[in-house]
Structure formats: structure tokens, C-alpha cells
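Asks: Just passing along the structure, written as C-alpha cells.
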Amino acid sequence: MVEILPADRALAPALALLGAGEVVAIPTETVYGLAGDATNGEAVARIFEAKGRPRFNPLIAHVSDMEMAERIGVFDPLSRRLAEKFWPGPLTLVLPLREDAGIHPLVTAGLATIALRMPRGFGGELIARLGRPLAAPSANSSGRISATSAQAVAADLGERIRLVVDGGPTPVGLESTIVKAEPDGTLRLLRPGGVAASEIEAVAGTALVRGAAGGQAAVQAPGMLASHYAPNASVRLGATELRPGEALLAFGPRRAAGWRQAVAVENLSESGDLREAASRLFSALQALDRSGAATIAAEPVPMEGLGEAINDRLSRAAAPRG
Ligand code: TXA
Ligand code: MG
């Protein structure tokens, strides 16, 4: 059986498991991560196994400080500026991987680049104590909704892992924003997330280019595979009226027509605050899923700020299942 330990009592047990090449679910400011020693191939293989994740989908390496980051990735000036401004925090930088970084090749799925992030809170402390980077994807079965609470991790992965560190609900609630600075100075947004694109653009002084170079043929951030973040129910976007039997994912003060007949209702933010909405998105989808409704009707969410990432996750949840 999986053990759930509060963060203030979990540091030593988590270190012992990680040191032995085991995986541990840990809280970060974005979502829970399923962490393993990024330099240990067996530990990394266990992550892929526990998630049922395809091995061609690379992982993010999490670091505790800039020195550790510089030993792993090659920072161009723009990436360094973004790291200085947003780390620790919900931003992931894709950088050229140093040959002597010691990162196991399973982490990068053999790519010459590495995704790096410095998390806030328990994760950062854990990595500093371990003295090695942690590979950590979101702590959910591949293709399912990311977990934003220890209970959600245990419900999904409890049979396959030994320890979940409980740090309470994750404050941001969406995965990190992933960007990559190209040699020609293009700054690519590979995945919208916990830092709004506009905030990054303000620091970078340049507009973000959406999507990977070369479109579908290029290495995709597989969070970009269409049917990702899938609840059991199907999801109907931009709902302005309720249909019989639907559950309602509401946003803001005004309800879709006929909302009183909804099987269940979750409001992401009564006041229309996108930050609050982001933090509640995954737990709200899970709650509506538990209602047993065949369809979740989602009210429109504006595209500004964190709305871009919220709409990204919703449209993946709504995509046909492959
Ligand atoms: O907030 C987060 O980013 C969370 C927490 C746990 O840190 N982690 C997370 O990991 O969302 P994961 O594995 O669910 O998503 C990482 C994404 C994947 O879509 C993966 O394809 C992409 O990062 N990725 C990893 N390495 C990459 C690389 N070298 N180039 C492009 N994309 C990469
Ligand atoms: Mg994920």
C-alpha cells in the first residue's frame, strides 16, 4: 500500500527511497511530480513504468540551484535571463544538454536537448539535499489529468508507488510553461502553463512563437499529443447552454442557459479570476468526472493570461481519444 506522509515529516524517507533508485511522488508549485534520480537509469525506467508513459516522451529534470542547472544545460543569455527572473517557479527551459551532465539518456529520450526547471518548495529542498537532479513528470497515469493533491496521486498511482509526499493542494494547479530559445533568437512556446506568455514576453522583450519548429514532424512536447489530460467523460467546449445529462464546468459570475439541470456544477472562479481558475482546473474536472455524467460542458474561458494554458488543457481534454 502507498504511504502518504506530510511534507514536514517526509524529507528523510523520500531521500532514502530516491537514494535507493525508487520513485516518490512529491508536491511542486505546479502539480504533483513522480520523481526519480535523473542520473540513475533504473530509477528513470521506474518512472516510465509507473506512469505507463511511452519512452519517446522525454522528462523534465528538476534542479535546486543555478549551479546544478549550469552543469546540465548550456544557457544562452536569454534563457539565463528567464531563469533569473522566473526560477524557482513554473517555467521550464529547453536547452542544449551538456555531454558530461550525467543525465541518464532515458530522461531525454535520446535528444540532444534537456528540459530544466527549478521548482519552489519541498521539491527544491529535496533536490538540494539529494545533491542530484530529479526527473519528474506529472504524477498521473500517462494521458490522464495531472494530480494537484496527494489524494489524487494516490487514487491514480497508489498501487504502483510506495510514497506520496503530501504538501497540500498545489498553488498554481497547471504544469509549467515550456519555452525554448533557438540559436537564431526565436523564443518558442512549447507548452503554455503556469507563467503567462505575456509575462515571459515582457522579460524577453520579444514575442513568443507558438508551437515546435517544423510542426508535426518535429519533436513534440507530448503534453501536446491531442488526447492528453483526458477525463472519463467527454468534454464539450465553449458551452453557452446545458444539454440534458451534462455536468457543468463553470467560469465567472454568469451561468450557461439551463445550468440548473446540470448533473453537477464546479465553478473554476466565481469572480472570473484566471489564477484561481488555473489552480482549480484539474480537481474540478476530476470532481465532475465522479458525477458519472457522460459529458462535461465547459463554459468559455477568455484567452488572456493563464487563460491560454487553461484553454490548452481543456481542448486536449476535449480531443477525440486515440
Ligand atoms: O510543472 C511541470 O512541468 C510538472 C512538474 C512535475 O514539474 N512536470 C510535467 O512533466 O508536466 P511532464 O512530463 O508531464 O511534461 C513535460 C513535458 C512533456 O510534454 C515533454 O514532452 C516535454 O516536457 N519535454 C521534455 N523534454 C523535452 C525536450 N528536450 N524538448 C521538448 N520538450 C520536452
Ligand atoms: Mg504530464
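A note on labels: chains of the C-alpha cells are A, B, ... as shown, every chain counts residues from 1, and ligands are counted from 1 in their shown order.
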Neighbours of ligand 2 at 10 Å or closer, counting only C-alpha atoms and all ligand atoms: which residues, as a list in words?

Replies: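 The distance check yields Val31, Tyr32, Gly33, Leu34, Lys51, Arg53, Leu59, Ala136, Pro137, Ser138, Ala139, Asn140, Ser141, Ser142, Gly143, Arg144, Ile145, Ser146, Ala147, Leu174, Glu175, Ser176, Ala221, Pro222, Gly223, Met224, His228 and Tyr229 of chain A.
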
Asks: Taking N, CA, C and O atoms for each residue, export the selection above as an mmCIF file, in the first residue's frame.

Replies:
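Resulting contents of result.cif:
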```cif
data_model
loop_
_atom_site.group_PDB
_atom_site.id
_atom_site.type_symbol
_atom_site.label_atom_id
_atom_site.label_comp_id
_atom_site.auth_asym_id
_atom_site.auth_seq_id
_atom_site.Cartn_x
_atom_site.Cartn_y
_atom_site.Cartn_z
ATOM 1 N N VAL A 31 2.056 21.062 -10.198
ATOM 2 C CA VAL A 31 1.272 19.843 -9.995
ATOM 3 C C VAL A 31 2.185 18.873 -9.233
ATOM 4 O O VAL A 31 3.373 19.161 -9.047
ATOM 5 N N TYR A 32 1.636 17.736 -8.796
ATOM 6 C CA TYR A 32 2.496 16.734 -8.169
ATOM 7 C C TYR A 32 3.379 16.089 -9.227
ATOM 8 O O TYR A 32 2.958 15.906 -10.371
ATOM 9 N N GLY A 33 4.618 15.767 -8.852
ATOM 10 C CA GLY A 33 5.544 15.129 -9.768
ATOM 11 C C GLY A 33 5.883 13.726 -9.288
ATOM 12 O O GLY A 33 5.870 13.449 -8.085
ATOM 13 N N LEU A 34 6.173 12.833 -10.236
ATOM 14 C CA LEU A 34 6.631 11.489 -9.879
ATOM 15 C C LEU A 34 8.152 11.484 -10.082
ATOM 16 O O LEU A 34 8.634 11.410 -11.203
ATOM 17 N N LYS A 51 3.964 5.267 -14.741
ATOM 18 C CA LYS A 51 3.018 6.113 -15.467
ATOM 19 C C LYS A 51 2.423 5.436 -16.690
ATOM 20 O O LYS A 51 1.417 5.894 -17.224
ATOM 21 N N ARG A 53 4.103 5.470 -19.411
ATOM 22 C CA ARG A 53 4.421 6.546 -20.360
ATOM 23 C C ARG A 53 5.292 6.017 -21.482
ATOM 24 O O ARG A 53 6.249 5.288 -21.248
ATOM 25 N N LEU A 59 11.499 13.603 -20.208
ATOM 26 C CA LEU A 59 11.101 14.126 -18.899
ATOM 27 C C LEU A 59 11.800 15.457 -18.613
ATOM 28 O O LEU A 59 12.847 15.749 -19.177
ATOM 29 N N ALA A 136 11.160 14.305 -13.189
ATOM 30 C CA ALA A 136 9.800 14.198 -12.662
ATOM 31 C C ALA A 136 8.766 14.669 -13.664
ATOM 32 O O ALA A 136 8.665 15.862 -13.934
ATOM 33 N N PRO A 137 7.999 13.735 -14.208
ATOM 34 C CA PRO A 137 6.814 14.110 -14.962
ATOM 35 C C PRO A 137 5.670 14.329 -13.976
ATOM 36 O O PRO A 137 5.820 14.073 -12.778
ATOM 37 N N SER A 138 4.554 14.810 -14.460
ATOM 38 C CA SER A 138 3.387 14.925 -13.594
ATOM 39 C C SER A 138 3.009 13.539 -13.073
ATOM 40 O O SER A 138 3.154 12.538 -13.774
ATOM 41 N N ALA A 139 2.536 13.493 -11.816
ATOM 42 C CA ALA A 139 2.284 12.213 -11.143
ATOM 43 C C ALA A 139 0.895 11.685 -11.450
ATOM 44 O O ALA A 139 0.011 11.652 -10.597
ATOM 45 N N ASN A 140 0.702 11.287 -12.699
ATOM 46 C CA ASN A 140 -0.577 10.726 -13.150
ATOM 47 C C ASN A 140 -0.282 9.647 -14.169
ATOM 48 O O ASN A 140 0.782 9.661 -14.785
ATOM 49 N N SER A 141 -1.224 8.715 -14.365
ATOM 50 C CA SER A 141 -1.067 7.753 -15.450
ATOM 51 C C SER A 141 -1.007 8.524 -16.758
ATOM 52 O O SER A 141 -1.711 9.522 -16.916
ATOM 53 N N SER A 142 -0.167 8.048 -17.675
ATOM 54 C CA SER A 142 0.014 8.721 -18.956
ATOM 55 C C SER A 142 -1.338 8.989 -19.625
ATOM 56 O O SER A 142 -2.178 8.098 -19.700
ATOM 57 N N GLY A 143 -1.534 10.232 -20.051
ATOM 58 C CA GLY A 143 -2.764 10.578 -20.767
ATOM 59 C C GLY A 143 -3.901 11.021 -19.866
ATOM 60 O O GLY A 143 -4.935 11.481 -20.351
ATOM 61 N N ARG A 144 -3.742 10.876 -18.548
ATOM 62 C CA ARG A 144 -4.804 11.281 -17.628
ATOM 63 C C ARG A 144 -4.555 12.686 -17.086
ATOM 64 O O ARG A 144 -3.504 13.268 -17.316
ATOM 65 N N ILE A 145 -5.530 13.173 -16.328
ATOM 66 C CA ILE A 145 -5.425 14.504 -15.740
ATOM 67 C C ILE A 145 -4.306 14.543 -14.708
ATOM 68 O O ILE A 145 -4.152 13.625 -13.912
ATOM 69 N N SER A 146 -3.509 15.611 -14.705
ATOM 70 C CA SER A 146 -2.439 15.771 -13.717
ATOM 71 C C SER A 146 -3.024 15.909 -12.317
ATOM 72 O O SER A 146 -4.108 16.450 -12.134
ATOM 73 N N ALA A 147 -2.259 15.419 -11.338
ATOM 74 C CA ALA A 147 -2.735 15.435 -9.956
ATOM 75 C C ALA A 147 -2.314 16.717 -9.265
ATOM 76 O O ALA A 147 -1.159 17.125 -9.325
ATOM 77 N N LEU A 174 -1.527 24.162 -12.702
ATOM 78 C CA LEU A 174 -1.262 23.778 -14.093
ATOM 79 C C LEU A 174 0.228 23.496 -14.201
ATOM 80 O O LEU A 174 1.022 24.094 -13.476
ATOM 81 N N GLU A 175 0.628 22.656 -15.126
ATOM 82 C CA GLU A 175 2.041 22.375 -15.323
ATOM 83 C C GLU A 175 2.784 23.637 -15.768
ATOM 84 O O GLU A 175 2.179 24.617 -16.217
ATOM 85 N N SER A 176 4.115 23.551 -15.694
ATOM 86 C CA SER A 176 4.956 24.693 -16.057
ATOM 87 C C SER A 176 4.812 25.066 -17.532
ATOM 88 O O SER A 176 4.460 24.241 -18.366
ATOM 89 N N ALA A 221 6.441 18.340 -27.698
ATOM 90 C CA ALA A 221 6.280 18.132 -26.272
ATOM 91 C C ALA A 221 5.003 17.311 -26.199
ATOM 92 O O ALA A 221 3.953 17.757 -26.586
ATOM 93 N N PRO A 222 5.107 16.055 -25.772
ATOM 94 C CA PRO A 222 3.969 15.158 -25.868
ATOM 95 C C PRO A 222 2.813 15.536 -24.980
ATOM 96 O O PRO A 222 1.723 15.066 -25.177
ATOM 97 N N GLY A 223 3.054 16.451 -24.037
ATOM 98 C CA GLY A 223 1.884 17.050 -23.447
ATOM 99 C C GLY A 223 1.055 17.619 -24.579
ATOM 100 O O GLY A 223 -0.060 18.055 -24.396
ATOM 101 N N MET A 224 1.641 17.659 -25.772
ATOM 102 C CA MET A 224 0.939 18.239 -26.913
ATOM 103 C C MET A 224 0.204 17.197 -27.733
ATOM 104 O O MET A 224 -0.446 17.538 -28.700
ATOM 105 N N HIS A 228 -4.655 14.316 -24.441
ATOM 106 C CA HIS A 228 -3.912 14.285 -23.198
ATOM 107 C C HIS A 228 -4.862 14.889 -22.172
ATOM 108 O O HIS A 228 -5.816 15.545 -22.535
ATOM 109 N N TYR A 229 -4.595 14.696 -20.908
ATOM 110 C CA TYR A 229 -5.431 15.298 -19.864
ATOM 111 C C TYR A 229 -6.863 14.822 -19.997
ATOM 112 O O TYR A 229 -7.803 15.613 -19.907
#
```

Asks: Pull the strand (DSSP E or B) assignments for range 32-260 of chain A out of DSSP run on the backbone, and list those residues as an MDAnalysis selection string.

Replies: chainID A and resid 33:37 60:62 73 91:97 113:117 134:135 138 144 163:166 177:181 187:191 208:210 230 234:236 241 247:250 257

Asks: Kindly save the residues from that selection, with N, CA and C atoms included, as a compact mmCIF listing (two decimals), in the first residue's frame.

Replies:
```txt
# COMPACT_ATOMS: atom_id res chain seq x y z
N GLY A 33 4.62 15.77 -8.85
CA GLY A 33 5.54 15.13 -9.77
C GLY A 33 5.88 13.73 -9.29
N LEU A 34 6.17 12.83 -10.24
CA LEU A 34 6.63 11.49 -9.88
C LEU A 34 8.15 11.48 -10.08
N ALA A 35 8.88 11.61 -8.96
CA ALA A 35 10.30 11.92 -9.04
C ALA A 35 11.20 10.70 -8.89
N GLY A 36 12.30 10.73 -9.64
CA GLY A 36 13.35 9.74 -9.51
C GLY A 36 14.69 10.39 -9.84
N ASP A 37 15.76 9.82 -9.34
CA ASP A 37 17.12 10.32 -9.60
C ASP A 37 17.40 10.32 -11.11
N ILE A 60 11.24 16.21 -17.68
CA ILE A 60 11.88 17.42 -17.19
C ILE A 60 12.84 17.04 -16.07
N ALA A 61 14.07 17.60 -16.09
CA ALA A 61 14.99 17.44 -14.97
C ALA A 61 14.84 18.65 -14.06
N HIS A 62 14.64 18.38 -12.77
CA HIS A 62 14.43 19.44 -11.78
C HIS A 62 15.70 19.67 -10.99
N GLY A 73 22.71 21.97 -18.48
CA GLY A 73 22.33 22.59 -19.75
C GLY A 73 23.24 23.74 -20.11
N LEU A 91 8.35 27.67 -14.71
CA LEU A 91 8.88 27.83 -16.07
C LEU A 91 9.90 26.73 -16.34
N THR A 92 9.77 26.05 -17.49
CA THR A 92 10.74 25.04 -17.91
C THR A 92 11.46 25.55 -19.16
N LEU A 93 12.79 25.45 -19.13
CA LEU A 93 13.62 25.89 -20.26
C LEU A 93 14.19 24.67 -20.97
N VAL A 94 14.06 24.63 -22.29
CA VAL A 94 14.70 23.56 -23.07
C VAL A 94 16.03 24.10 -23.58
N LEU A 95 17.10 23.39 -23.23
CA LEU A 95 18.47 23.85 -23.52
C LEU A 95 19.29 22.73 -24.12
N PRO A 96 20.39 23.08 -24.81
CA PRO A 96 21.31 22.02 -25.25
C PRO A 96 21.85 21.28 -24.02
N LEU A 97 21.90 19.96 -24.11
CA LEU A 97 22.37 19.12 -23.00
C LEU A 97 23.89 19.02 -23.03
N THR A 113 18.79 17.83 -26.37
CA THR A 113 18.35 18.92 -25.50
C THR A 113 17.80 18.36 -24.20
N ILE A 114 17.71 19.23 -23.21
CA ILE A 114 17.16 18.83 -21.91
C ILE A 114 16.18 19.91 -21.44
N ALA A 115 15.07 19.47 -20.88
CA ALA A 115 14.11 20.39 -20.27
C ALA A 115 14.48 20.53 -18.79
N LEU A 116 14.71 21.78 -18.35
CA LEU A 116 15.16 22.05 -16.97
C LEU A 116 14.17 22.96 -16.26
N ARG A 117 13.98 22.66 -14.98
CA ARG A 117 13.10 23.51 -14.17
C ARG A 117 13.58 23.52 -12.72
N LEU A 134 16.38 15.70 -10.13
CA LEU A 134 15.29 14.73 -10.15
C LEU A 134 14.52 14.84 -11.46
N ALA A 135 14.39 13.70 -12.13
CA ALA A 135 13.48 13.65 -13.28
C ALA A 135 12.08 13.49 -12.71
N SER A 138 4.55 14.81 -14.46
CA SER A 138 3.39 14.93 -13.59
C SER A 138 3.01 13.54 -13.07
N ARG A 144 -3.74 10.88 -18.55
CA ARG A 144 -4.80 11.28 -17.63
C ARG A 144 -4.56 12.69 -17.09
N LEU A 163 5.50 5.90 -1.89
CA LEU A 163 5.37 7.10 -1.06
C LEU A 163 4.83 8.29 -1.85
N VAL A 164 3.82 8.94 -1.27
CA VAL A 164 3.36 10.24 -1.77
C VAL A 164 3.62 11.26 -0.67
N VAL A 165 4.35 12.30 -0.99
CA VAL A 165 4.60 13.38 -0.03
C VAL A 165 3.47 14.39 -0.17
N ASP A 166 2.77 14.64 0.95
CA ASP A 166 1.60 15.50 0.91
C ASP A 166 1.96 16.94 1.27
N THR A 177 5.09 26.32 -17.81
CA THR A 177 5.22 26.80 -19.18
C THR A 177 6.57 26.31 -19.71
N ILE A 178 6.59 25.75 -20.94
CA ILE A 178 7.86 25.29 -21.52
C ILE A 178 8.25 26.18 -22.69
N VAL A 179 9.45 26.75 -22.62
CA VAL A 179 9.94 27.57 -23.73
C VAL A 179 11.34 27.11 -24.15
N LYS A 180 11.66 27.45 -25.38
CA LYS A 180 12.97 27.11 -25.92
C LYS A 180 13.49 28.28 -26.74
N ALA A 181 14.70 28.75 -26.40
CA ALA A 181 15.33 29.81 -27.18
C ALA A 181 16.13 29.14 -28.29
N LEU A 187 12.13 32.74 -29.70
CA LEU A 187 11.74 32.14 -28.43
C LEU A 187 10.42 31.39 -28.65
N ARG A 188 10.49 30.05 -28.52
CA ARG A 188 9.32 29.23 -28.80
C ARG A 188 8.57 28.84 -27.54
N LEU A 189 7.25 28.94 -27.63
CA LEU A 189 6.40 28.45 -26.55
C LEU A 189 6.01 27.02 -26.89
N LEU A 190 6.60 26.03 -26.19
CA LEU A 190 6.31 24.63 -26.50
C LEU A 190 5.08 24.13 -25.75
N ARG A 191 4.82 24.74 -24.60
CA ARG A 191 3.60 24.38 -23.84
C ARG A 191 3.20 25.58 -22.99
N LEU A 208 6.67 35.57 -28.23
CA LEU A 208 6.81 34.11 -28.26
C LEU A 208 6.22 33.58 -29.56
N VAL A 209 6.90 32.59 -30.14
CA VAL A 209 6.37 31.92 -31.31
C VAL A 209 5.73 30.63 -30.83
N ARG A 210 4.46 30.43 -31.19
CA ARG A 210 3.75 29.24 -30.70
C ARG A 210 4.12 27.99 -31.48
N ALA A 230 -7.06 13.54 -20.29
CA ALA A 230 -8.41 13.07 -20.57
C ALA A 230 -9.14 12.62 -19.31
N SER A 234 -16.62 12.79 -21.85
CA SER A 234 -16.16 13.62 -22.95
C SER A 234 -16.39 15.08 -22.56
N VAL A 235 -15.68 15.96 -23.21
CA VAL A 235 -15.73 17.38 -22.85
C VAL A 235 -16.23 18.19 -24.03
N ARG A 236 -17.20 19.05 -23.77
CA ARG A 236 -17.76 19.93 -24.81
C ARG A 236 -17.37 21.37 -24.48
N GLU A 241 -25.09 26.83 -23.37
CA GLU A 241 -26.34 26.26 -22.85
C GLU A 241 -26.08 24.80 -22.49
N ALA A 247 -22.71 17.53 -17.07
CA ALA A 247 -22.18 18.22 -15.90
C ALA A 247 -21.58 19.54 -16.40
N LEU A 248 -21.51 20.55 -15.53
CA LEU A 248 -21.09 21.88 -15.97
C LEU A 248 -19.79 22.32 -15.31
N LEU A 249 -18.81 22.66 -16.15
CA LEU A 249 -17.59 23.32 -15.68
C LEU A 249 -17.79 24.80 -15.94
N ALA A 250 -18.08 25.53 -14.85
CA ALA A 250 -18.45 26.93 -14.99
C ALA A 250 -17.25 27.84 -14.79
N ALA A 257 -27.11 28.95 -20.12
CA ALA A 257 -28.56 28.76 -20.05
C ALA A 257 -28.86 27.32 -19.62
```

Asks: For Arg160 in chain A, work out the shell of residues within 10 Å, counting only C-alpha atoms and skipping chain neighbours fewer than 6 positions away, then give it as a ChimeraX atom specification.

Replies: /A:1-2,23,46-47,49-51,154

Asks: Restricting it to C-alpha atoms, dump the selection as an mmCIF file, in the first residue's frame.

Replies:
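Dumped everything to again12.cif:
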```cif
data_model
loop_
_atom_site.group_PDB
_atom_site.id
_atom_site.type_symbol
_atom_site.label_atom_id
_atom_site.label_comp_id
_atom_site.auth_asym_id
_atom_site.auth_seq_id
_atom_site.Cartn_x
_atom_site.Cartn_y
_atom_site.Cartn_z
ATOM 1 C CA MET A 1 0.000 0.000 0.000
ATOM 2 C CA VAL A 2 1.163 3.522 -0.728
ATOM 3 C CA VAL A 23 10.379 6.797 -7.226
ATOM 4 C CA ARG A 46 10.562 3.057 -12.952
ATOM 5 C CA ILE A 47 9.013 6.470 -13.646
ATOM 6 C CA GLU A 49 6.692 2.135 -15.916
ATOM 7 C CA ALA A 50 4.616 3.592 -13.105
ATOM 8 C CA LYS A 51 3.018 6.113 -15.467
ATOM 9 C CA ALA A 154 -2.691 8.024 -4.502
#
```

Asks: Please extract the residues of range 172-263 of chain A with a backbone DSSP assignment of alpha helix (DSSP H) and present them as a PyMOL selection string.

Replies: chain A and resi 197-204

Asks: Check the smallest atom-to-atom distance from each of A:Leu78, A:Ala16, A:Phe48, A:Met303 to Ala197 in chain A using only C-alpha atoms, then report the winner.

Replies: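 Result for the nearest residue to Ala197 in chain A: A:Met303.
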
Asks: Suppose you want the space between CA of Gly211 in chain A and CA of Arg55 in chain A; what is it in Å?

Replies: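 Calculated distance between CA of Gly211 in chain A and CA of Arg55 in chain A is 21.6 Å.
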
Asks: Could you check the closest approach to ligand 1 for each of A:Ile127, A:Ala196, A:Ala112, A:Leu242 and tell me which residue wins, using only C-alpha atoms and all ligand atoms?

Replies: A:Ala112

Asks: What separation in Å, quoted to one decimal, exists between CA of Arg132 in chain A and CA of Ala155 in chain A?

Replies: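 Atom-to-atom, CA of Arg132 in chain A and CA of Ala155 in chain A are spaced 28.6 Å apart.
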